[in-house]
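input-v9.cif follows; it contains mmCIF, C-alpha atoms.
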```cif
data_model
#
loop_
_atom_site.label_atom_id
_atom_site.label_comp_id
_atom_site.auth_asym_id
_atom_site.auth_seq_id
_atom_site.Cartn_x
_atom_site.Cartn_y
_atom_site.Cartn_z
CA MET A 280 59.67 2.32 48.79
CA ASP A 281 61.10 -0.76 50.46
CA GLU A 282 60.33 0.73 53.83
CA ARG A 283 56.80 1.46 52.72
CA ARG A 284 56.31 -2.10 51.51
CA ARG A 285 57.81 -3.50 54.67
CA ARG A 286 55.41 -1.47 56.78
CA PHE A 287 52.54 -2.59 54.58
CA GLU A 288 53.57 -6.21 55.08
CA GLN A 289 53.74 -5.74 58.82
CA LEU A 290 50.59 -3.73 59.38
CA VAL A 291 48.16 -4.67 56.66
CA LEU A 292 48.99 -8.11 55.27
CA PRO A 293 48.40 -9.92 58.57
CA HIS A 294 44.73 -9.05 58.02
CA LEU A 295 44.55 -10.68 54.60
CA GLY A 296 42.70 -13.66 56.05
CA ALA A 297 40.03 -11.43 57.56
CA ALA A 298 39.82 -9.42 54.33
CA TYR A 299 39.34 -12.55 52.27
CA ASN A 300 36.73 -14.03 54.57
CA LEU A 301 34.69 -10.82 54.51
CA ALA A 302 35.01 -10.59 50.73
CA ARG A 303 33.90 -14.20 50.42
CA TRP A 304 30.83 -13.70 52.56
CA LEU A 305 29.93 -10.51 50.68
CA ALA A 306 30.87 -11.30 47.12
CA ALA A 307 30.96 -15.11 46.98
CA ARG A 308 32.78 -16.15 43.80
CA GLU A 309 34.06 -12.64 43.17
CA ALA A 310 35.99 -12.78 46.44
CA ASP A 311 39.40 -13.18 44.80
CA ASP A 312 38.91 -10.12 42.63
CA VAL A 313 37.46 -8.03 45.41
CA THR A 314 40.27 -8.94 47.80
CA GLN A 315 42.93 -8.35 45.20
CA GLU A 316 41.57 -4.95 44.25
CA ALA A 317 41.19 -4.05 47.92
CA LEU A 318 44.78 -4.99 48.75
CA LEU A 319 46.07 -3.00 45.79
CA ARG A 320 43.98 -0.01 46.68
CA ALA A 321 45.19 -0.28 50.24
CA PHE A 322 48.79 -0.48 49.05
CA ARG A 323 48.35 2.63 46.92
CA ALA A 324 46.54 4.52 49.65
CA PHE A 325 48.94 3.33 52.32
CA ASP A 326 50.77 6.67 52.52
CA GLY A 327 47.51 8.19 53.67
CA PHE A 328 47.15 5.63 56.44
CA ARG A 329 48.20 7.38 59.62
CA GLY A 330 48.35 4.51 62.03
CA GLY A 331 45.30 3.39 63.92
CA ASP A 332 43.42 0.21 63.32
CA ALA A 333 44.83 -1.40 60.18
CA LYS A 334 42.33 -4.24 60.26
CA ALA A 335 39.30 -1.93 60.30
CA TRP A 336 40.95 0.24 57.65
CA LEU A 337 41.51 -2.73 55.33
CA LEU A 338 38.08 -4.25 55.90
CA ALA A 339 36.44 -0.90 55.08
CA ILE A 340 38.33 -0.90 51.77
CA VAL A 341 37.25 -4.49 51.06
CA ARG A 342 33.67 -3.53 51.68
CA ASN A 343 33.89 -0.45 49.45
CA CYS A 344 35.48 -2.46 46.65
CA HIS A 345 32.69 -4.98 46.86
CA TYR A 346 29.85 -2.48 46.77
CA THR A 347 31.51 -0.44 44.03
CA ALA A 348 31.94 -3.53 41.89
CA ALA A 349 28.44 -4.76 42.63
CA ALA A 350 26.98 -1.38 41.66
CA ARG A 351 29.06 -1.26 38.49
CA THR A 352 27.99 -4.62 37.23
CA ARG A 353 24.46 -3.97 38.46
CA LYS A 354 23.92 -7.55 39.21
CA ASN A 355 22.62 -8.95 42.38
CA VAL A 356 25.26 -9.90 44.81
CA PRO A 357 25.78 -13.61 44.34
CA LEU A 358 25.34 -15.67 47.42
CA PRO A 359 27.48 -18.61 48.31
CA GLU A 360 25.85 -21.49 46.52
CA ASP A 361 25.00 -24.89 47.79
CA ALA A 362 27.23 -26.62 45.31
CA ASP A 363 29.99 -24.32 46.36
CA ILE A 364 29.74 -25.13 50.01
CA ALA A 365 29.18 -28.81 49.33
CA SER A 366 32.37 -28.91 47.26
CA ASP A 367 34.50 -27.85 50.20
CA ALA A 368 36.68 -30.75 51.14
CA PRO A 369 34.71 -32.57 53.80
CA ASP A 370 36.42 -33.21 57.06
CA PRO A 371 36.65 -36.98 57.35
CA GLU A 372 36.34 -36.65 61.12
CA CYS A 373 32.93 -35.06 60.71
CA SER A 374 29.84 -37.18 60.54
CA ALA A 375 27.36 -36.66 57.74
CA ILE A 376 24.95 -35.16 60.24
CA ASP A 377 27.49 -32.58 61.38
CA ARG A 378 28.26 -31.67 57.79
CA ASP A 379 24.60 -31.29 57.03
CA ARG A 380 24.11 -29.08 60.08
CA ALA A 381 27.07 -26.91 59.10
CA ARG A 382 25.87 -26.64 55.51
CA LYS A 383 22.49 -25.44 56.68
CA LEU A 384 24.04 -22.87 58.99
CA ASN A 385 26.22 -21.55 56.17
CA ARG A 386 23.22 -21.40 53.87
CA ALA A 387 21.23 -19.50 56.48
CA ILE A 388 24.04 -16.97 56.95
CA ALA A 389 24.37 -16.59 53.18
CA SER A 390 20.65 -15.90 52.89
CA LEU A 391 20.79 -12.86 55.18
CA PRO A 392 20.48 -9.41 53.59
CA ASP A 393 23.88 -7.80 52.95
CA GLU A 394 23.90 -5.29 55.78
CA PHE A 395 22.90 -7.95 58.31
CA ARG A 396 25.33 -10.53 56.97
CA GLU A 397 28.32 -8.19 56.99
CA THR A 398 27.54 -6.99 60.51
CA LEU A 399 27.23 -10.55 61.76
CA VAL A 400 30.46 -11.66 60.07
CA LEU A 401 32.39 -8.71 61.52
CA ARG A 402 31.01 -9.33 65.00
CA GLU A 403 30.99 -13.12 65.30
CA MET A 404 33.83 -14.17 63.01
CA GLU A 405 36.18 -11.25 63.49
CA ASP A 406 35.23 -10.40 67.07
CA LEU A 407 35.14 -6.70 66.28
CA SER A 408 33.62 -4.15 68.63
CA TYR A 409 30.55 -2.09 67.79
CA ARG A 410 32.77 0.93 67.30
CA GLU A 411 35.00 -0.88 64.83
CA ILE A 412 32.00 -2.26 62.93
CA ALA A 413 30.49 1.23 62.82
CA GLU A 414 33.75 2.55 61.41
CA ILE A 415 33.95 -0.14 58.74
CA THR A 416 30.35 -0.01 57.61
CA GLY A 417 29.93 3.73 57.99
CA ALA A 418 26.82 3.23 60.12
CA PRO A 419 26.12 4.77 63.53
CA ILE A 420 26.62 2.48 66.51
CA GLY A 421 22.87 2.39 67.16
CA THR A 422 22.38 1.05 63.64
CA VAL A 423 25.10 -1.55 64.17
CA MET A 424 23.28 -2.74 67.28
CA SER A 425 19.88 -2.97 65.61
CA ARG A 426 21.35 -4.71 62.55
CA LEU A 427 23.06 -7.20 64.79
CA ALA A 428 19.85 -7.89 66.66
CA ARG A 429 17.93 -8.34 63.39
CA ALA A 430 20.70 -10.49 61.95
CA ARG A 431 20.64 -12.79 64.95
CA ALA A 432 16.87 -13.07 65.01
CA LEU A 433 16.70 -13.75 61.27
CA LEU A 434 19.53 -16.24 61.34
CA ARG A 435 17.95 -18.13 64.16
CA GLU A 436 14.62 -18.19 62.35
CA ARG A 437 16.11 -19.39 59.07
CA TRP A 438 18.44 -21.89 60.58
CA THR A 439 15.63 -23.38 62.62
CA ALA A 440 13.48 -23.54 59.48
CA GLU A 441 16.29 -25.24 57.54
CA THR A 442 16.87 -27.76 60.25
CA LYS A 443 13.20 -28.59 60.57
CA GLU A 444 12.78 -29.30 56.86
CA THR A 445 14.77 -32.46 57.20
CA VAL A 446 12.52 -33.85 59.89
CA PRO A 447 9.97 -36.03 58.13
CA MET B 261 7.45 -10.57 73.64
CA SER B 262 10.98 -9.32 73.98
CA CYS B 263 12.01 -7.28 76.99
CA GLU B 264 12.85 -3.60 76.62
CA ARG B 265 16.30 -4.38 77.98
CA ALA B 266 17.09 -6.80 75.14
CA ALA B 267 19.57 -4.36 73.58
CA GLU B 268 21.48 -4.23 76.86
CA VAL B 269 21.60 -8.00 77.02
CA GLN B 270 22.98 -8.10 73.51
CA ALA B 271 25.61 -5.47 74.35
CA TYR B 272 26.48 -7.50 77.44
CA MET B 273 26.96 -10.63 75.34
CA ASP B 274 29.08 -8.66 72.89
CA GLY B 275 31.41 -7.46 75.65
CA GLU B 276 30.43 -3.83 75.19
CA LEU B 277 29.45 -3.03 78.76
CA ASP B 278 31.64 -1.81 81.58
CA ALA B 279 31.69 -3.78 84.81
CA VAL B 280 28.93 -1.78 86.49
CA ALA B 281 26.51 -2.01 83.58
CA ALA B 282 27.36 -5.69 83.16
CA LEU B 283 26.53 -6.36 86.78
CA ALA B 284 23.16 -4.62 86.34
CA VAL B 285 22.41 -6.84 83.35
CA GLU B 286 23.43 -9.94 85.28
CA GLN B 287 20.98 -9.01 88.01
CA HIS B 288 18.27 -8.35 85.45
CA LEU B 289 18.94 -11.73 83.83
CA GLU B 290 18.14 -13.47 87.08
CA ALA B 291 14.70 -11.88 87.06
CA CYS B 292 13.80 -11.98 83.37
CA ALA B 293 13.14 -15.23 81.53
CA ASP B 294 12.88 -13.51 78.11
CA CYS B 295 16.34 -12.03 78.48
CA ARG B 296 17.76 -15.33 79.70
CA ALA B 297 16.38 -16.93 76.56
CA LEU B 298 17.95 -14.20 74.44
CA ARG B 299 21.28 -14.65 76.19
CA ASP B 300 21.20 -18.40 75.55
CA GLN B 301 20.23 -17.89 71.91
CA ILE B 302 23.10 -15.49 71.30
CA ALA B 303 25.53 -17.85 73.02
CA ALA B 304 24.27 -20.89 71.10
CA MET B 305 24.41 -19.06 67.77
CA ARG B 306 27.90 -17.80 68.56
CA GLY B 307 29.09 -21.30 69.38
CA ALA B 308 27.59 -22.65 66.18
CA ILE B 309 29.13 -19.89 64.04
CA LYS B 310 32.56 -20.33 65.65
CA SER B 311 32.60 -24.07 65.24
CA GLU B 312 30.54 -24.70 62.11
CA ALA B 313 30.35 -21.63 59.89
CA ARG B 314 32.91 -21.33 57.12
CA TYR B 315 35.89 -19.08 57.63
CA TYR B 316 37.09 -18.73 54.08
CA ARG B 317 40.78 -18.66 53.30
CA PRO B 318 42.42 -17.51 50.10
CA SER B 319 43.56 -20.27 47.74
CA ALA B 320 47.24 -20.87 47.10
CA ASP B 321 46.89 -19.55 43.53
CA PHE B 322 45.31 -16.40 44.76
CA ALA B 323 47.96 -15.80 47.38
CA GLU B 324 50.64 -16.39 44.77
CA ASN B 325 49.13 -13.81 42.41
CA LEU B 326 48.82 -11.30 45.17
CA ARG B 327 52.41 -11.82 46.24
CA GLU B 328 53.57 -11.17 42.71
CA THR B 329 51.44 -8.11 42.30
CA ILE B 330 52.30 -6.38 45.53
CA GLY B 331 55.87 -7.52 45.14
CA MET B 332 56.27 -4.98 42.36
CA ASP B 333 57.62 -1.63 43.44
CA GLU B 334 55.39 0.44 41.24
CA VAL B 335 51.85 -0.67 40.94
CA PRO B 336 50.56 0.91 37.76
CA ALA B 337 47.10 2.36 37.95
CA ALA B 338 45.19 0.12 35.61
CA PRO B 339 42.06 1.32 33.91
CA ARG B 340 39.21 0.74 36.30
CA GLY B 341 37.34 -1.59 34.01
CA ARG B 342 40.22 -3.98 33.82
CA MET B 343 40.76 -4.27 37.51
CA MET B 344 37.95 -6.61 38.32
CA GLY B 345 37.64 -10.11 37.06
CA THR B 346 40.60 -9.97 34.72
CA ARG B 347 42.78 -12.73 35.97
CA SER B 348 45.06 -12.69 32.93
CA PHE B 349 45.87 -9.07 33.61
CA TRP B 350 47.67 -10.03 36.78
CA THR B 351 49.40 -13.12 35.65
CA GLY B 352 50.16 -11.73 32.20
CA ALA B 353 51.57 -8.42 33.26
CA PHE B 354 53.37 -9.46 36.38
CA GLY B 355 54.02 -13.17 36.14
CA GLY B 356 57.66 -14.03 36.48
CA PHE B 357 58.66 -10.73 37.99
CA ALA B 358 58.20 -11.81 41.56
CA ALA B 359 61.17 -11.40 43.82
CA THR B 360 61.44 -14.76 45.51
CA ALA B 361 62.86 -13.38 48.72
CA LEU B 362 59.92 -11.08 49.11
CA ALA B 363 57.53 -13.83 48.18
CA ALA B 364 59.01 -15.95 50.92
CA SER B 365 58.70 -13.20 53.49
CA LEU B 366 55.15 -12.52 52.42
CA ALA B 367 54.26 -16.17 52.70
CA LEU B 368 54.84 -15.96 56.40
CA PHE B 369 52.21 -13.26 56.69
CA LEU B 370 49.85 -14.91 54.28
CA TRP B 371 49.61 -18.25 55.99
CA LEU B 372 50.28 -17.68 59.64
CA PRO B 373 47.86 -14.89 60.41
CA SER B 374 44.58 -16.72 60.26
CA ALA B 375 45.46 -19.00 63.15
CA GLN B 376 47.35 -16.30 65.03
CA GLU B 377 44.68 -13.74 64.38
CA LYS B 378 41.99 -16.07 65.56
CA LEU B 379 43.99 -16.79 68.69
CA ALA B 380 44.44 -13.06 69.37
CA GLY B 381 40.72 -12.50 68.89
CA ASP B 382 39.83 -15.40 71.15
CA LEU B 383 42.26 -14.21 73.82
CA ALA B 384 40.83 -10.69 73.72
CA ALA B 385 37.31 -12.08 73.96
CA ALA B 386 38.24 -14.29 76.90
CA HIS B 387 40.00 -11.37 78.56
CA VAL B 388 36.98 -9.08 78.15
CA ARG B 389 34.72 -11.87 79.38
CA SER B 390 36.81 -12.20 82.50
CA LEU B 391 36.60 -8.46 83.13
CA ILE B 392 32.88 -7.88 82.61
CA GLY B 393 31.58 -11.14 83.96
CA ALA B 394 31.80 -12.51 87.41
CA HIS B 395 34.22 -15.19 86.27
CA LEU B 396 37.64 -13.65 86.69
CA ILE B 397 38.90 -15.93 89.40
CA ASP B 398 38.00 -19.47 90.49
CA VAL B 399 40.56 -19.72 93.24
CA GLU B 400 41.38 -16.43 94.87
CA SER B 401 44.75 -16.33 96.54
CA SER B 402 48.10 -14.67 96.31
CA ASN B 403 49.66 -17.80 97.75
CA HIS B 404 51.12 -20.12 95.14
CA HIS B 405 50.84 -23.01 97.60
CA VAL B 406 47.08 -22.58 97.30
CA VAL B 407 46.79 -21.79 93.62
CA LYS B 408 49.12 -24.44 92.23
CA PRO B 409 47.47 -27.46 93.87
CA TRP B 410 44.09 -26.09 92.82
CA PHE B 411 45.05 -26.59 89.19
CA ALA B 412 46.12 -30.17 89.82
CA GLY B 413 43.31 -32.46 88.75
CA ARG B 414 41.47 -29.63 87.03
CA ALA B 415 43.91 -28.64 84.31
CA ASP B 416 45.84 -31.18 82.23
CA ILE B 417 49.01 -29.22 82.84
CA SER B 418 50.69 -27.77 85.88
CA PRO B 419 51.45 -24.10 85.25
CA PRO B 420 54.27 -22.35 87.08
CA VAL B 421 52.64 -20.27 89.81
CA ALA B 422 54.37 -17.47 91.67
CA ASP B 423 53.49 -14.12 93.18
CA PHE B 424 55.49 -11.18 91.85
CA ALA B 425 54.01 -8.51 94.12
CA ALA B 426 57.48 -7.21 94.89
CA GLN B 427 57.98 -6.52 91.18
CA GLY B 428 54.55 -4.92 90.84
CA PHE B 429 52.57 -7.94 89.69
CA ALA B 430 50.43 -9.34 92.48
CA LEU B 431 49.05 -12.83 91.99
CA ALA B 432 45.27 -12.55 92.37
CA GLY B 433 44.36 -16.16 91.72
CA GLY B 434 43.60 -18.63 88.97
CA ARG B 435 40.77 -20.06 86.91
CA LEU B 436 40.04 -22.43 84.07
CA ASP B 437 38.94 -21.05 80.72
CA TYR B 438 38.61 -22.07 77.10
CA VAL B 439 40.54 -20.34 74.36
CA ASP B 440 40.71 -21.40 70.76
CA GLY B 441 38.99 -24.65 71.69
CA LYS B 442 41.67 -25.47 74.24
CA ARG B 443 41.27 -25.79 77.96
CA ALA B 444 43.62 -23.29 79.54
CA ALA B 445 44.87 -22.75 83.05
CA VAL B 446 44.71 -19.03 83.69
CA LEU B 447 46.88 -17.10 86.12
CA VAL B 448 45.40 -13.75 87.09
CA TYR B 449 47.73 -10.93 88.08
CA ARG B 450 46.97 -7.38 89.12
CA HIS B 451 49.26 -4.58 88.07
CA GLY B 452 47.94 -1.38 89.58
CA ALA B 453 44.44 -0.95 88.19
CA HIS B 454 45.12 -3.40 85.37
CA VAL B 455 44.30 -7.08 85.23
CA VAL B 456 46.66 -9.42 83.40
CA ASN B 457 45.37 -12.82 82.31
CA VAL B 458 48.06 -15.38 81.57
CA PHE B 459 46.66 -18.37 79.66
CA VAL B 460 48.70 -21.55 79.78
CA TRP B 461 48.19 -24.77 77.87
CA LYS B 462 50.23 -27.67 76.56
CA ASP B 463 52.19 -26.55 73.52
CA ASP B 464 51.11 -28.55 70.49
CA GLY B 465 53.43 -26.67 68.15
CA SER B 466 50.57 -25.25 66.14
CA LEU B 467 51.06 -21.64 67.17
CA GLY B 468 53.94 -19.22 66.87
CA THR B 469 55.06 -16.78 69.51
CA GLY B 470 55.43 -13.03 69.54
CA ALA B 471 53.56 -9.83 70.27
CA ALA B 472 50.18 -8.79 68.94
CA ASP B 473 47.34 -6.41 69.59
CA ALA B 474 43.65 -7.20 69.57
CA ASN B 475 40.80 -4.85 70.42
CA GLY B 476 43.21 -2.48 72.10
CA TYR B 477 44.79 -5.14 74.31
CA HIS B 478 48.41 -6.16 74.16
CA ILE B 479 49.17 -9.84 73.79
CA LEU B 480 52.46 -11.60 74.31
CA THR B 481 52.96 -15.29 73.63
CA TRP B 482 55.91 -17.52 74.40
CA LYS B 483 56.80 -21.15 74.99
CA LYS B 484 58.80 -22.87 77.65
CA GLY B 485 59.03 -26.31 79.15
CA GLY B 486 56.46 -27.76 76.73
CA LEU B 487 53.91 -25.12 77.69
CA PHE B 488 52.39 -22.37 75.61
CA PHE B 489 51.85 -19.04 77.38
CA ALA B 490 49.69 -16.13 76.28
CA ALA B 491 49.56 -13.00 78.44
CA ILE B 492 46.99 -10.31 77.69
CA SER B 493 46.27 -6.97 79.32
CA ASP B 494 45.53 -3.32 78.71
CA THR B 495 48.68 -2.47 80.60
CA GLY B 496 51.68 -1.28 78.58
CA ARG B 497 53.59 -3.69 76.40
CA ASP B 498 56.80 -3.14 78.39
CA GLU B 499 55.03 -4.03 81.62
CA LEU B 500 53.62 -7.13 79.99
CA ARG B 501 57.09 -8.10 78.87
CA THR B 502 58.41 -7.63 82.40
CA LEU B 503 55.82 -10.05 83.73
CA ALA B 504 56.50 -12.49 80.89
CA ASP B 505 60.21 -12.46 81.76
CA LEU B 506 59.45 -13.11 85.42
CA ILE B 507 57.21 -16.04 84.58
CA ARG B 508 59.67 -17.41 82.04
CA LYS B 509 62.46 -17.38 84.62
CA ASN B 510 60.17 -19.21 87.00
CA THR B 511 59.36 -21.94 84.46
CA GLN B 512 61.34 -25.16 84.41
CA GLY B 513 62.52 -26.57 81.13
CA GLN B 514 63.64 -25.49 77.71
CA GLU B 515 62.54 -22.40 75.83
#
```

Can the structure from this file be put into structure tokens for me?
Amino acid sequence: MDERRRRFEQLVLPHLGAAYNLARWLAAREADDVTQEALLRAFRAFDGFRGGDAKAWLLAIVRNCHYTAAARTRKNVPLPEDADIASDAPDPECSAIDRDRARKLNRAIASLPDEFRETLVLREMEDLSYREIAEITGAPIGTVMSRLARARALLRERWTAETKETVP
Amino acid sequence: MSCERAAEVQAYMDGELDAVAALAVEQHLEACADCRALRDQIAAMRGAIKSEARYYRPSADFAENLRETIGMDEVPAAPRGRMMGTRSFWTGAFGGFAATALAASLALFLWLPSAQEKLAGDLAAAHVRSLIGAHLIDVESSNHHVVKPWFAGRADISPPVADFAAQGFALAGGRLDYVDGKRAAVLVYRHGAHVVNVFVWKDDGSLGTGAADANGYHILTWKKGGLFFAAISDTGRDELRTLADLIRKNTQGQE
């Protein structure tokens, strides 16, 4: 058992940060619960993990936990809220304009439909390959590519719209 | 409005193309304004996401709970309904049972990885960029008397430059690159069919050293003489270590 836990610590836990970030972008305030359940599920299922890409394996579990929970509670997936993002400790080095710009970008990402948002997060924040994203999301590579293209186009559109609103 | 080759341009920007396909896209980009616009949009959005979008990290409380929970040998299968959103379940059932030694060892993994992981990802991305793009080498020479002075005035550090062709690692040249927001001097070595990129920057103490894998590439990081080194390649880890040892021996100063 100790050996099992040690291997889990070595292979899986280094990806906790990625797991949490994905959970946060998918499940907003439920991120702690989703991540915790995912890590526990991963720990229990670890005997069945036969090497390979531990990060993709864990992120797929995170994603499943999120969608299972979201389906169970039958509520809409909560998006990161303004107040939430605004409450993040502001970086004193950042100007108000920078913070505003960042807040709008985060809001635009949060507003994307789930399948676009998760694909974008996996690609641009985790630097995963199409193949890895396909594995995690259970979608064919062609679908990953079209989702990514849609995600980028939508994000650009919404971010531009957000930014323009402030211009009098 | 958008060109029929837009998907290729996207794949190119995502590092999914081999060198031949990438070259074809680069040629197409020169001829197609729509695709150039797409390329610039993807790059701008990527820059904005990397520098301004939130990368969420677990809170200290959360990490503590998780440490305690996984620290238990047997994780009882709780009724499904209780798993989600029942904070007291965790703290109530498992609070106080945590083995402190394990908690301490877990802490290392809980707090280091985000920075390390990000570095590994950035290194892999820079490595792939160097392989698919035209920008592998700025100064092409196997002569360290050419490569070393080239860095002077361009990089804020002076990396140790030597050719190890006799040991199987031929110096191909050098370039400047950005990794993790830092300007890095890059030494490029060829080992058979493999390219090894060795990124060097001034050590600011923010990163640990060791071995890692990212996107199928091996990464080895070490410090010496106030410099931080990160070598990445698809060559074997042992080969990478051999090169690292050669470079380390050739570096003045303390480990």

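Applied to the shown file, the PyMOL selection byres ((chain B and resi 301-311) around 9) selects the residues Ala381, Leu384, Asn385, Glu403, Met404, Arg431, Leu434 and Arg435 of chain A; Gln270, Met273, Arg296, Ala297, Leu298, Arg299, Asp300, Glu312, Ala313, Arg314 and Tyr315 of chain B.
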
| request: Pick out the chain A residues within 8 Å of chain B. Count only C-alpha atoms. Give them as a VMD selection string. | output: chain A and resid 280 to 281 288 to 289 292 to 297 299 to 300 303 309 311 to 313 315 to 316 319 322 to 323 348 381 384 to 385 403 to 409 424 428 431 435

| task | Quick one: everything within 10 Å of Arg414 (chain B), counting only C-alpha atoms, minus sequence neighbours fewer than 2 positions away in the same chain. Send it as a ChimeraX atom specification. | result | /B:409-412,416-418,435-436,443,445

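Note that CA of Ser390 (chain B) and CA of His404 (chain B) are 20.7 Å apart.
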
| remark: With distances taken over all atoms listed in the file, the candidate from A:Ala317, A:Ala333, A:Ile420, A:Leu433 nearest Leu301 (chain A) is A:Ala317

| field | Residues selected by the PyMOL selection byres ((chain A and resi 306) around 12), written as number ranges by chain | value | A: 298-305, 307-314, 341-350, 354-360, 389, 393, 396-397; B: 316

| d(CA of Ala375 (chain A), CA of Trp438 (chain A)) in Å | 17.5 Å

| request: Translate the PyMOL selection byres ((chain A and resi 442) around 12), as applied to the file shown, into an explicit residue set as a PyMOL selection string. | output: chain A and resi 376-377+379-387+434-441+443-447

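Note that CA of Asp437 (chain B) and CA of Glu411 (chain A) are 26.0 Å apart.
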
| Selection: 8 Å around Lys483 (chain B), all atoms listed in the file, excl. self and same-chain fewer than 6 positions, as number ranges by chain | B: 463, 469, 489, 515

| task | Tell me, as a PyMOL selection string, which residues lie within 12 Å of Thr502 (chain B), counting only C-alpha atoms; anything in the same chain fewer than 5 positions away does not count. | result | chain B and resi 424+427-429+451+456+480+491+495-497+507-509
